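Novice: Can you keep this structure in mind? I'll have questions shortly.
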Amino acid sequence: MDIIANFIDGQYQAPHQQQYLDNIEPATGKVYGQIPDSGDEDVELAVTAAKKALPAWRALPLETRADYLTAIAQEIERRIEELALAEAIDNGKPVSLARSVDIPRAASNFKFFAHACSQFASESHAMAGNAINYTLRQPVGVVGCISPWNLPLYLFTWKIAPALAAGNCVIAKPSEITPKTAAMLGEICQKVGLPRGVLNILHGTGANVGQAICQHEEVKAISFTGGTTTGADIAQLLAPKFKKLSLELGGKNPALIFADCDFDSTVDQVFRASFANQGQICLCASRLYIERPIYEKFKQALIAKAQALQPNDPLLDTSEMGAIVSSTHLQKVLSYVEDAKAQGGKILIGGEQVKLSGRCQEGYFLQATIIEGLANNARCNQEEIFGPLITIQPFDTDQEALALANDSDYGLAATIWTNNLGRAHFLAENINTGIVWINCWLLRDLRTPFGGMNHSGLGREGGDEAMRFFTESKNVCVKY
Ligand SMILES: NC(=O)C1=CN([C@@H]2O[C@H](COP(=O)(O)OP(=O)(O)OC[C@H]3O[C@@H](n4cnc5c(N)ncnc54)[C@H](O)[C@@H]3O)[C@@H](O)[C@H]2O)C=CC1
Ligand SMILES: O=C(O)/C=C/C=C(\O)C(=O)O
């Protein structure tokens with residue numbers, strides 16, 4: 001049994017109440033470990049450690065903080081195989097995906113912010129003749145980073161790295177569904193000699209430890225990625241407390257596919273955008289709008305690819321589609337299939353749990369699912385499903401495509417597939433999402449603003465946006 005501990009003040013510690021939660025391997029459906037069900041007392045210990053560490057950490061020369069971040073990145077790279085395997089067991093994602101995407105990106109997050117903090121400069125504003133303003137950007141203090149289960153170490157470190165680079169001390173909580181690689185990050189901090197208390201990692205539920213982190217008076221900012229409902233709850237909780245809040249929430253991302261696209265490459269890329277990580281990425285395309293002249297051909301090409309993508313044991317190197325993260329989540333995704341049927345949708349492929357044999361016979365597997373024939377206001381076209389389920393619809397004009405894309409409460413990411421750059425630019429300008437990819441998907445430059453509009457969140461991560469979030473700006477006006 002793999003028993004995880006909290007990482008507080010540089011040491012692994014059991015939870016104060018000695019309560020634990022089961023950790024389940026999605027590919028087998030079996031409990032394989034336990035994690036702390038932490039509460040207020042553990043948050044208090046972590047905050048005390050972080051406050052104690054803060055003065056020295058924020059006073060370090062930028063280069064020294066950057067050296068620690070670089071050392072963490074190098075240690076993640078050194079342990080890539082071990083971390084990728086842990087991520088695949090914990091989350092159900094294919095080990096090849098964890099090895100090629102999740103873990104390298106976790107290392108890149110630290111490398112990127114080790115460098116970005118040295119490029120983060122303050123402004124000055126001269127006033128006519130006799131005064132100058134300069135802006136100090138100072139660490140916020142002790143900050144909270146709360147992350148979800150879909151890209152565990154990738155998103156955990158996407159928050160922690162800029163927070164540390166900016167000179168804050170961190171209380172971080174991974175999802176209770178995928179705690180393992182976050183727990184291993186503590187070992188990496190010990191190995192590189194990160195000063196005690198600078199990063200504290202607490203495990204447990206959102207209701208217990210997550211809320212306690214958010215509510216703690218000494219935690220001055222919260223960076224959260226997860227479901228929109230949870231984001232709304234946190235926003236409500238924090239509104240009267242005047243804390244800085246960054247919310248990276250769900251998406252219902254449209255893909256606009258035009259007849260003049262590069263057909264084969266678009267099929268490949270849109271398929272990946274729809275089903276990568278079992279469709280469990282907030283950026284995944286979930287509503288495909290296909291221009292009528294290529295609708296049937298594109299549909300058949302997608303179905304053929306879905307047929308070829310059979311879910312399999314995520315620990316096999318050849319596996320390209322792993323397990324859904326939990327039984328509860330699998331049931332949630334399946335409930336949308338039932339809803340689609342009730343709304344007159346046609347299930348073109350998938351829609352049922354897949355039973356594997358051997359070690360994975362009790363695992364949570366679902367075939368890539370494609371549905372057509374639903375109205376745009378159907379739940380499958382409006383609600384975030386967060387699984388391997390997409391809907392497809394034909395359209396006739398650019399304006400119709402735009403209207404369909406914008407008919408959503410969400411506003412995270414859109415993809416546009418066309419060789420007409422004028423059209424692509426017009427749509428990009430008018431689509432209500434924080435991110436638009438033209439003829440590509442998830443092509444990431446970590447300097448760019450990352451985040452969504454409307455129900456997809458508040459604020460932006462990445463590059464200078466993250467550095468700004470994790471600092472307070474203070475204007476100093478000097479009269480001379
Ligand atoms: N990146 C994304 O866009 C994600 C979206 N989701 C969506 O959310 C739905 C629900 O998934 P969940 O696992 O329940 O996500 P969630 O939003 O409940 O969990 C995300 C993180 O927030 C924590 N948390 C939960 N409630 C909290 C609270 N009140 N205060 C502070 N922290 C809290 C969790 O422990 C976890 O670490 C999914 O079906 C999916 O639609 C889920 C995960 C990631
Ligand atoms: O920063 C990225 O490249 C991806 C981020 C993905 C999410 O925030 C998500 O799936 O929740």
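Each chain in the structure tokens gets a letter, A, B and so on, in the order shown; residues start at 1 in every chain, and ligands are counted from 1 in the order they appear.
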Show which residues sit within 12 Å of Arg272 of chain A, as a list in words. Count only C-alpha atoms, and ignore same-chain residues fewer than 4 positions away.
Specialist: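 Close residues of Arg272 of chain A: Ala255, Ser265, Thr266, Val267, Asp268, Ala276, Asn277, Gln278, Gly279, Gln280, Ile281, Leu283, Cys284, Ala285, Ser286, Leu302, Lys305, Ala306, Leu309, Glu320, Met321, Ala368, Pro388, Ile390, Cys440, Trp441 and Leu442 of chain A.
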Novice: Please write out the residues within 8 Å of ligand 1 as number ranges by chain, counting only C-alpha atoms and all ligand atoms.
Specialist: A: 146-151, 173-177, 204-214, 224-231, 233-234, 248-251, 280-283, 329, 332, 384-386, 456
Novice: Which residues come within 8 Å of segment 131-142 of chain A, counting only C-alpha atoms, excluding same-chain residues fewer than 4 positions away, as a ChimeraX atom specification?
Specialist: /A:47,50-51,54,58,122-127,166-171,218-221,468,470-480
Novice: Those residues you just picked out, can you put them in a file as a tab-separated table (two decimals), in the first residue's frame with N, CA and C atoms?
Specialist:
```
chain	number	residue	atom	x	y	z
A	47	VAL	N	0.96	26.98	6.94
A	47	VAL	CA	1.01	28.44	6.85
A	47	VAL	C	2.09	28.98	7.79
A	50	ALA	N	5.36	28.43	6.12
A	50	ALA	CA	5.54	29.32	4.96
A	50	ALA	C	5.84	30.75	5.42
A	51	LYS	N	5.14	31.19	6.46
A	51	LYS	CA	5.37	32.56	6.97
A	51	LYS	C	6.80	32.70	7.51
A	54	LEU	N	9.24	32.94	4.60
A	54	LEU	CA	9.03	34.02	3.63
A	54	LEU	C	10.11	35.12	3.62
A	58	ARG	N	12.06	35.73	0.07
A	58	ARG	CA	11.81	36.90	-0.78
A	58	ARG	C	13.05	37.81	-0.86
A	122	SER	N	9.94	46.39	-13.89
A	122	SER	CA	8.95	47.37	-13.45
A	122	SER	C	8.95	48.58	-14.37
A	123	GLU	N	7.83	49.29	-14.38
A	123	GLU	CA	7.73	50.49	-15.21
A	123	GLU	C	8.15	51.72	-14.39
A	124	SER	N	8.47	52.78	-15.11
A	124	SER	CA	8.57	54.08	-14.43
A	124	SER	C	7.85	55.10	-15.30
A	125	HIS	N	7.27	56.11	-14.65
A	125	HIS	CA	6.50	57.12	-15.36
A	125	HIS	C	7.00	58.50	-14.92
A	126	ALA	N	7.67	59.16	-15.85
A	126	ALA	CA	8.18	60.50	-15.52
A	126	ALA	C	7.05	61.52	-15.65
A	127	MET	N	7.00	62.49	-14.71
A	127	MET	CA	5.99	63.56	-14.79
A	127	MET	C	6.70	64.84	-15.22
A	166	ALA	N	8.41	34.51	-8.12
A	166	ALA	CA	8.10	35.89	-7.73
A	166	ALA	C	8.43	36.18	-6.27
A	167	GLY	N	8.87	35.15	-5.54
A	167	GLY	CA	9.32	35.39	-4.16
A	167	GLY	C	8.30	35.06	-3.09
A	168	ASN	N	7.24	34.34	-3.48
A	168	ASN	CA	6.23	33.93	-2.50
A	168	ASN	C	6.58	32.58	-1.88
A	169	CYS	N	5.96	32.28	-0.74
A	169	CYS	CA	5.99	30.92	-0.22
A	169	CYS	C	4.62	30.32	-0.46
A	170	VAL	N	4.58	29.01	-0.68
A	170	VAL	CA	3.39	28.40	-1.27
A	170	VAL	C	2.80	27.29	-0.39
A	171	ILE	N	1.47	27.30	-0.32
A	171	ILE	CA	0.73	26.14	0.20
A	171	ILE	C	0.01	25.58	-1.02
A	218	GLU	N	-3.95	34.36	6.43
A	218	GLU	CA	-2.56	34.63	6.04
A	218	GLU	C	-2.26	34.21	4.60
A	219	VAL	N	-3.21	33.56	3.95
A	219	VAL	CA	-3.00	33.18	2.53
A	219	VAL	C	-3.59	34.31	1.69
A	220	LYS	N	-2.72	35.01	0.99
A	220	LYS	CA	-3.11	36.30	0.40
A	220	LYS	C	-3.58	36.20	-1.04
A	221	ALA	N	-3.32	35.08	-1.68
A	221	ALA	CA	-3.77	34.93	-3.07
A	221	ALA	C	-4.05	33.46	-3.32
A	468	ARG	N	2.69	38.96	-12.70
A	468	ARG	CA	1.88	40.06	-12.14
A	468	ARG	C	0.92	39.54	-11.08
A	470	PHE	N	1.23	37.04	-9.13
A	470	PHE	CA	1.89	36.65	-7.89
A	470	PHE	C	2.71	37.79	-7.27
A	471	THR	N	2.49	39.02	-7.73
A	471	THR	CA	3.14	40.17	-7.10
A	471	THR	C	2.11	41.26	-6.83
A	472	GLU	N	2.40	42.07	-5.83
A	472	GLU	CA	1.62	43.29	-5.59
A	472	GLU	C	2.39	44.43	-6.22
A	473	SER	N	1.71	45.29	-6.95
A	473	SER	CA	2.43	46.45	-7.48
A	473	SER	C	2.26	47.62	-6.51
A	474	LYS	N	3.35	48.31	-6.32
A	474	LYS	CA	3.33	49.47	-5.42
A	474	LYS	C	3.96	50.64	-6.16
A	475	ASN	N	3.21	51.70	-6.33
A	475	ASN	CA	3.76	52.86	-7.03
A	475	ASN	C	4.46	53.79	-6.04
A	476	VAL	N	5.65	54.21	-6.40
A	476	VAL	CA	6.39	55.16	-5.56
A	476	VAL	C	6.58	56.43	-6.39
A	477	CYS	N	6.12	57.55	-5.87
A	477	CYS	CA	6.23	58.82	-6.59
A	477	CYS	C	7.30	59.68	-5.91
A	478	VAL	N	8.33	60.05	-6.64
A	478	VAL	CA	9.44	60.83	-6.06
A	478	VAL	C	9.41	62.23	-6.67
A	479	LYS	N	9.29	63.23	-5.80
A	479	LYS	CA	9.34	64.61	-6.29
A	479	LYS	C	10.78	65.09	-6.14
A	480	TYR	N	11.30	65.75	-7.16
A	480	TYR	CA	12.68	66.24	-7.04
A	480	TYR	C	12.75	67.69	-7.41
```
Novice: Please list as a PDB file with C-alpha atoms, in the first residue's frame every residue within 12 Å of Pro61 of chain A, counting only C-alpha atoms and excluding residues in the same chain fewer than 3 positions away.
Specialist:
```pdb
ATOM      1  CA  ALA A  56      14.535  34.903   3.717  1.00  0.00           C
ATOM      2  CA  TRP A  57      13.036  33.542   0.479  1.00  0.00           C
ATOM      3  CA  ARG A  58      11.808  36.904  -0.780  1.00  0.00           C
ATOM      4  CA  THR A  64      19.489  32.310  -6.399  1.00  0.00           C
ATOM      5  CA  ARG A  65      15.738  31.720  -6.534  1.00  0.00           C
ATOM      6  CA  ALA A  66      16.107  30.977 -10.236  1.00  0.00           C
ATOM      7  CA  ASP A  67      18.893  28.476  -9.478  1.00  0.00           C
ATOM      8  CA  TYR A  68      16.574  26.550  -7.152  1.00  0.00           C
ATOM      9  CA  CYS A 117      11.547  36.206 -13.337  1.00  0.00           C
ATOM     10  CA  SER A 118      14.808  37.714 -14.548  1.00  0.00           C
ATOM     11  CA  ALA A 165       9.880  32.723  -8.837  1.00  0.00           C
ATOM     12  CA  ALA A 166       8.099  35.890  -7.734  1.00  0.00           C
ATOM     13  CA  GLY A 167       9.321  35.391  -4.162  1.00  0.00           C
TER      14      GLY A 167
END
```
Novice: Name the residues in contact with Leu194 of chain A at a cut-off of 10 Å, using only C-alpha atoms, excluding same-chain residues fewer than 3 positions from it; report them as a list in words.
Specialist: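 So, after excluding close chain neighbours, the residues are Gly10, Trp57, Arg65, Tyr68, Leu69, Ala71, Ile72, Gly186, Ile188, Cys189, Gln190, Lys191, Gly197, Val198 and Leu199 of chain A.
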Novice: Rank nothing, just name the residue among A:Val95, A:Ala466, A:Ile222, A:Ile76 nearest to ligand 2, using only C-alpha atoms and all ligand atoms.
Specialist: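 Of all the options, A:Ala466 lies closest to ligand 2.
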Novice: Which residue out of A:Arg105, A:Arg379, A:Arg78, A:Lys30 has the minimum interatomic distance to ligand 2 when only C-alpha atoms and all ligand atoms are used?
Specialist: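 Looking only at the distances to ligand 2, the closest residue turns out to be A:Arg105.
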Novice: Taking the DSSP assignment computed from this structure's backbone, write out as a ChimeraX atom specification all residues of segment 111-161 of chain A that belong to strand (DSSP E or B).
Specialist: /A:124-127,131-139,142-146
Novice: Just C-alpha atoms for this one: save the residues we selected as a short mmCIF file (atom, residue, chain, number, x, y, z; two decimals), in the first residue's frame.
Specialist:
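Once everything was written out, this is selection.cif:
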```
data_model
loop_
_atom_site.label_atom_id
_atom_site.label_comp_id
_atom_site.auth_asym_id
_atom_site.auth_seq_id
_atom_site.Cartn_x
_atom_site.Cartn_y
_atom_site.Cartn_z
CA SER A 124 8.57 54.08 -14.43
CA HIS A 125 6.50 57.12 -15.36
CA ALA A 126 8.18 60.50 -15.52
CA MET A 127 5.99 63.56 -14.79
CA ALA A 131 8.67 64.00 -10.36
CA ILE A 132 9.07 60.40 -11.34
CA ASN A 133 6.99 57.35 -10.45
CA TYR A 134 8.46 53.91 -10.27
CA THR A 135 6.59 50.70 -9.63
CA LEU A 136 7.77 48.06 -7.22
CA ARG A 137 6.46 44.55 -7.81
CA GLN A 138 6.72 42.72 -4.53
CA PRO A 139 5.80 39.15 -3.59
CA VAL A 142 1.96 33.23 1.38
CA VAL A 143 -0.15 32.04 -1.54
CA GLY A 144 -2.37 29.02 -2.24
CA CYS A 145 -2.21 26.90 -5.41
CA ILE A 146 -5.03 24.41 -5.99
#
```
Novice: Pick from A:Ile257, A:Ile392, A:Val43, A:Leu83: nearest to Ile294 of chain A, with only C-alpha atoms counted?
Specialist: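 Selected residue with least distance to Ile294 of chain A: A:Ile257.
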Novice: Find the residue from A:Trp437, A:Tyr410, A:Phe156, A:Phe258 that sits nearest to Met453 of chain A; use only C-alpha atoms when measuring.
Specialist: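 Under the stated criterion, the closest residue is A:Tyr410.
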